[in-house]
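> Handing you a structure now.
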Amino acid sequence: MDTVALSTSESHNRIRPLFTIVTVVYNSAGNIERTLRSVTSQRHDGFEIEYIVIDGSSTDGTLTILNRYCNHIDRVVSEPDHGIYDAMNKGIVAAQGRWINFMNSGDMFANDQTLQQVATLIETTEADIVYGDIIELRNNGNEEVLKKAESVPSSKHRMFFCHQAAFVRTELMQALPFDTRYAMSADLKFFKLCFRNGCRFLYLGFPVARFDKTGISSVQRARGLRENVRVVCEIDRGIARIKYAAKLWFVILNLRLRKLFRK
C-alpha cells in the first residue's frame, strides 16, 4: 500500500491506541471534510486514538482536502481498490488500536464527546462488539431522526444496528475480514458469523454516529437487499433461512411495485 501522508505523532508509537477509526473514501470531496472534522475533534482524555484513511485513488479533490488534515491523520493510503469492503479490509490490516470503528465519508460521530463516552464503558466490558444508536440525516442533512438499535443481539435478515455505530475488537476483525464477494452486505455476513460463533455483544444505549442517508446502501437499497438474501442463504439453515429470505423477497417485491406505480 502506498502511504501518501503520515503524521509524526510520537504518542501512537509509545502507547497502543484504544480506538482505531477508519474512514474509507472515493471521490467524495463534498462530504469528506465533515467526517474529518468530526473524527479529529473527538476528545480523548486518558486514551489514544489512531486515525486511518483509505482512499480509492480519488480524482475530484478529495486528496487535497486530506492533505490539509495530514497532521491529524496517522495514515492515508491512496490506491485503487476492489470496492468498499476491500478498502475497509486494508484499514483492518493496518489497525493498531484495540477496537476498530468505521466512520466513512459523509458520516460523523454524534458529538465531540462520543469516543469519551464509549471509552468509559468499553474498558471494563468483556464484549467483543459494542454498538449504539444513530442519528439519521435526511433531506440533505436538514432533518435528524434518532434511530435506536435493537438492545438484544440477534441474527436476522438485516443488521440490527448501524455499522458506523459499532466498535469491534481489532483482533476479531483481523481474524475474520470482510468477504469482498459481497459489495454491499459483507458487514451483515460478518456480524451474523460473529453471532453464530458466540461473540459477545454490548448495547450502549446512546447515539454514536450521525448516519448519512445518501450512502451506497441507502440509494441502492434493492441491490443491497438481494445481497442480504445471498448472505442468509449462505449463513442460515433450515426454517431461519426460509423465513429470512421470504421477508427480504417481500420487501424487494414491494419496492419494485412502488417503482412501477410511480411511473
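By order of appearance in the C-alpha cells: chains A, B, ..., then residues from 1 within every chain, and ligands from 1 in the order shown.
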I'd like the neighbourhood of Val25 (chain A) as a ChimeraX atom specification, where a residue qualifies if any of its atoms comes within 8 Å (using only C-alpha atoms), though same-chain residues fewer than 4 positions away should be ignored.

/A:32,53-56,58,104-105

> Next, dump the selected residues to file, keeping only N, CA and C atoms, as a PDB file, in the first residue's frame.


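The resulting file, part.pdb, is shown below:
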```pdb
ATOM      1  N   ILE A  32     -16.210  14.584   2.553  1.00  0.00           N
ATOM      2  CA  ILE A  32     -15.150  14.049   3.392  1.00  0.00           C
ATOM      3  C   ILE A  32     -14.759  14.982   4.531  1.00  0.00           C
ATOM      4  N   VAL A  53      -7.111   6.696   6.998  1.00  0.00           N
ATOM      5  CA  VAL A  53      -7.987   6.991   5.874  1.00  0.00           C
ATOM      6  C   VAL A  53      -7.537   6.168   4.678  1.00  0.00           C
ATOM      7  N   ILE A  54      -8.472   5.433   4.095  1.00  0.00           N
ATOM      8  CA  ILE A  54      -8.210   4.614   2.907  1.00  0.00           C
ATOM      9  C   ILE A  54      -8.950   5.236   1.728  1.00  0.00           C
ATOM     10  N   ASP A  55      -8.200   5.759   0.783  1.00  0.00           N
ATOM     11  CA  ASP A  55      -8.767   6.424  -0.392  1.00  0.00           C
ATOM     12  C   ASP A  55      -8.563   5.547  -1.621  1.00  0.00           C
ATOM     13  N   GLY A  56      -9.579   5.492  -2.469  1.00  0.00           N
ATOM     14  CA  GLY A  56      -9.508   4.643  -3.658  1.00  0.00           C
ATOM     15  C   GLY A  56      -8.956   5.341  -4.880  1.00  0.00           C
ATOM     16  N   SER A  58      -8.794   8.821  -5.454  1.00  0.00           N
ATOM     17  CA  SER A  58      -9.756   9.856  -5.845  1.00  0.00           C
ATOM     18  C   SER A  58      -9.122  10.843  -6.826  1.00  0.00           C
ATOM     19  N   ASN A 104     -17.131   6.249   7.676  1.00  0.00           N
ATOM     20  CA  ASN A 104     -16.807   6.515   6.281  1.00  0.00           C
ATOM     21  C   ASN A 104     -17.253   7.895   5.832  1.00  0.00           C
ATOM     22  N   SER A 105     -16.816   8.283   4.667  1.00  0.00           N
ATOM     23  CA  SER A 105     -17.015   9.650   4.188  1.00  0.00           C
ATOM     24  C   SER A 105     -18.487  10.059   4.226  1.00  0.00           C
TER      25      SER A 105
END
```

> Can you tell me how far CA of Asp112 (chain A) sits from CA of Thr40 (chain A), in Å to one decimal?

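That distance, rounded to one decimal, is 8.9 Å.
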
> Show which residues sit within 7 Å of Tyr131 (chain A), as a list in words. Count only C-alpha atoms, and ignore same-chain residues fewer than 5 positions away.

Ala165, Ala166, Phe167, Leu202, Tyr203 and Leu204 of chain A

> Go ahead and write the selection's residues with C-alpha atoms as a PDB file, in the first residue's frame.


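File written: out-v2.pdb
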```pdb
ATOM      1  CA  ALA A 165     -22.207   2.914  15.498  1.00  0.00           C
ATOM      2  CA  ALA A 166     -20.221  -0.268  16.196  1.00  0.00           C
ATOM      3  CA  PHE A 167     -16.813  -0.923  17.749  1.00  0.00           C
ATOM      4  CA  LEU A 202     -22.978  -4.939  24.280  1.00  0.00           C
ATOM      5  CA  TYR A 203     -25.626  -2.283  23.577  1.00  0.00           C
ATOM      6  CA  LEU A 204     -24.546   1.192  24.686  1.00  0.00           C
TER       7      LEU A 204
END
```

> From the set A:Arg210, A:Arg223, A:His157, A:His72, which residue has the shortest atom-to-atom contact distance to Phe191 (chain A), counting only C-alpha atoms?

A:His157

> Please indicate the distance in Å from CA of Glu50 (chain A) to CA of Arg181 (chain A), rounded to one decimal place.

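Straight-line distance from CA of Glu50 (chain A) to CA of Arg181 (chain A) works out to 28.1 Å.
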
> Would you please give, as a ChimeraX atom specification, all residues of region 27-237 of chain A that DSSP assigns to strand (DSSP E) based on the backbone?

/A:49-55,75-78,99-102,108-109,129-138,143-147,166-169,201-212

> Leaving out Cys199 (chain A) and any residue of its chain fewer than 5 positions from it, which residues lie within 8 Å of it when counting only C-alpha atoms, given as a VMD selection string?

chain A and resid 127 to 129 194

> Now that the selection is made, can you save its residues with all heavy atoms as a PDB file, in the first residue's frame?


```pdb
ATOM      1  N   ALA A 127     -17.256  -7.773  26.286  1.00  0.00           N
ATOM      2  CA  ALA A 127     -17.882  -7.949  24.978  1.00  0.00           C
ATOM      3  C   ALA A 127     -16.836  -7.897  23.867  1.00  0.00           C
ATOM      4  O   ALA A 127     -15.744  -7.342  24.031  1.00  0.00           O
ATOM      5  CB  ALA A 127     -18.938  -6.877  24.750  1.00  0.00           C
ATOM      6  N   ASP A 128     -17.199  -8.479  22.737  1.00  0.00           N
ATOM      7  CA  ASP A 128     -16.357  -8.444  21.543  1.00  0.00           C
ATOM      8  C   ASP A 128     -16.798  -7.343  20.582  1.00  0.00           C
ATOM      9  O   ASP A 128     -15.996  -6.849  19.789  1.00  0.00           O
ATOM     10  CB  ASP A 128     -16.434  -9.791  20.808  1.00  0.00           C
ATOM     11  CG  ASP A 128     -16.081 -10.950  21.706  1.00  0.00           C
ATOM     12  OD1 ASP A 128     -14.909 -11.041  22.108  1.00  0.00           O
ATOM     13  OD2 ASP A 128     -16.976 -11.771  22.010  1.00  0.00           O
ATOM     14  N   ILE A 129     -18.078  -6.988  20.659  1.00  0.00           N
ATOM     15  CA  ILE A 129     -18.672  -5.978  19.780  1.00  0.00           C
ATOM     16  C   ILE A 129     -19.538  -5.066  20.625  1.00  0.00           C
ATOM     17  O   ILE A 129     -20.395  -5.538  21.377  1.00  0.00           O
ATOM     18  CB  ILE A 129     -19.511  -6.632  18.670  1.00  0.00           C
ATOM     19  CG1 ILE A 129     -18.629  -7.524  17.793  1.00  0.00           C
ATOM     20  CG2 ILE A 129     -20.230  -5.576  17.813  1.00  0.00           C
ATOM     21  CD1 ILE A 129     -19.380  -8.569  17.001  1.00  0.00           C
ATOM     22  N   CYS A 194     -20.367 -13.616  13.564  1.00  0.00           N
ATOM     23  CA  CYS A 194     -19.978 -13.336  14.958  1.00  0.00           C
ATOM     24  C   CYS A 194     -21.047 -13.846  15.929  1.00  0.00           C
ATOM     25  O   CYS A 194     -20.731 -14.467  16.949  1.00  0.00           O
ATOM     26  CB  CYS A 194     -19.754 -11.841  15.152  1.00  0.00           C
ATOM     27  SG  CYS A 194     -18.253 -11.206  14.367  1.00  0.00           S
TER      28      CYS A 194
END
```

> From a DSSP pass on the backbone, collect the residues of region 163-228 of chain A flagged as alpha helix (DSSP H) and hand them back as number ranges by chain.

A: 170-175, 186-196, 216-219, 221-228

> Which residues of region 141-178 of chain A sit at most 10 Å from region 237-250 of chain A, using only C-alpha atoms? Give each one's shortest atom pair and distance in Å (one decimal place), in chain and ascending residue order, as JSON lines.


```
{"residue": "A:Ser155", "atom": "CA", "partner": "A:Ala240", "partner_atom": "CA", "distance": 9.5}
{"residue": "A:Lys156", "atom": "CA", "partner": "A:Tyr244", "partner_atom": "CA", "distance": 6.6}
{"residue": "A:His157", "atom": "CA", "partner": "A:Tyr244", "partner_atom": "CA", "distance": 5.0}
{"residue": "A:Arg158", "atom": "CA", "partner": "A:Leu248", "partner_atom": "CA", "distance": 8.7}
```

> Can you pull out the residues contacting Gly61 (chain A)? Cut-off 10 Å, using only C-alpha atoms, and skip same-chain residues under 6 positions away; I want them as number ranges by chain.

A: 27-30

> Closest to Val76 (chain A) among A:Val93, A:Met108, A:Leu18, A:Val24, using only C-alpha atoms?

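The closest residue to Val76 (chain A) is A:Val24.
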
> Which polymer residues have any atom within 8 Å of an atom of Ser151 (chain A), counting only C-alpha atoms, with same-chain residues fewer than 2 positions away left out, as JSON, numbers by chain?

{"A": [149, 153, 203, 205]}

> Limited to N, CA and C atoms, could you put the picked residues into a file as a PDB file, in the first residue's frame?


```pdb
ATOM      1  N   ALA A 149     -31.009   1.284  18.001  1.00  0.00           N
ATOM      2  CA  ALA A 149     -30.647  -0.085  17.669  1.00  0.00           C
ATOM      3  C   ALA A 149     -31.426  -1.053  18.557  1.00  0.00           C
ATOM      4  N   PRO A 153     -29.097  -8.626  21.013  1.00  0.00           N
ATOM      5  CA  PRO A 153     -28.447  -9.108  19.794  1.00  0.00           C
ATOM      6  C   PRO A 153     -29.243 -10.221  19.128  1.00  0.00           C
ATOM      7  N   TYR A 203     -24.879  -3.445  24.061  1.00  0.00           N
ATOM      8  CA  TYR A 203     -25.626  -2.283  23.577  1.00  0.00           C
ATOM      9  C   TYR A 203     -25.356  -1.097  24.484  1.00  0.00           C
ATOM     10  N   GLY A 205     -26.767   2.118  24.297  1.00  0.00           N
ATOM     11  CA  GLY A 205     -27.965   2.853  24.687  1.00  0.00           C
ATOM     12  C   GLY A 205     -27.913   4.344  24.452  1.00  0.00           C
TER      13      GLY A 205
END
```

> Could you check which of A:Leu172, A:Leu121, A:Val77, A:Ala222 is closest to Asn197 (chain A), using only C-alpha atoms?

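Using only C-alpha atoms, Asn197 (chain A) sits closest to A:Leu172.
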
> Which residue is closest to Asp179 (chain A)? Choose from A:Val251, A:Ile21, A:Ile15, A:Leu193 and count only C-alpha atoms.

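Ranked by minimum distance to Asp179 (chain A), first place goes to A:Leu193.
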
> For CA of Arg98 (chain A) and CA of Asn31 (chain A), determine how far apart the two atoms are, in Å to one decimal place.

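Computed distance, CA of Arg98 (chain A) to CA of Asn31 (chain A), equals 27.6 Å.
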
> Compare A:Thr125, A:Gln164, A:Ser154, A:Thr120 by their minimum atom-to-atom distance to Phe47 (chain A), counting only C-alpha atoms, and give me the closest one.

A:Thr120
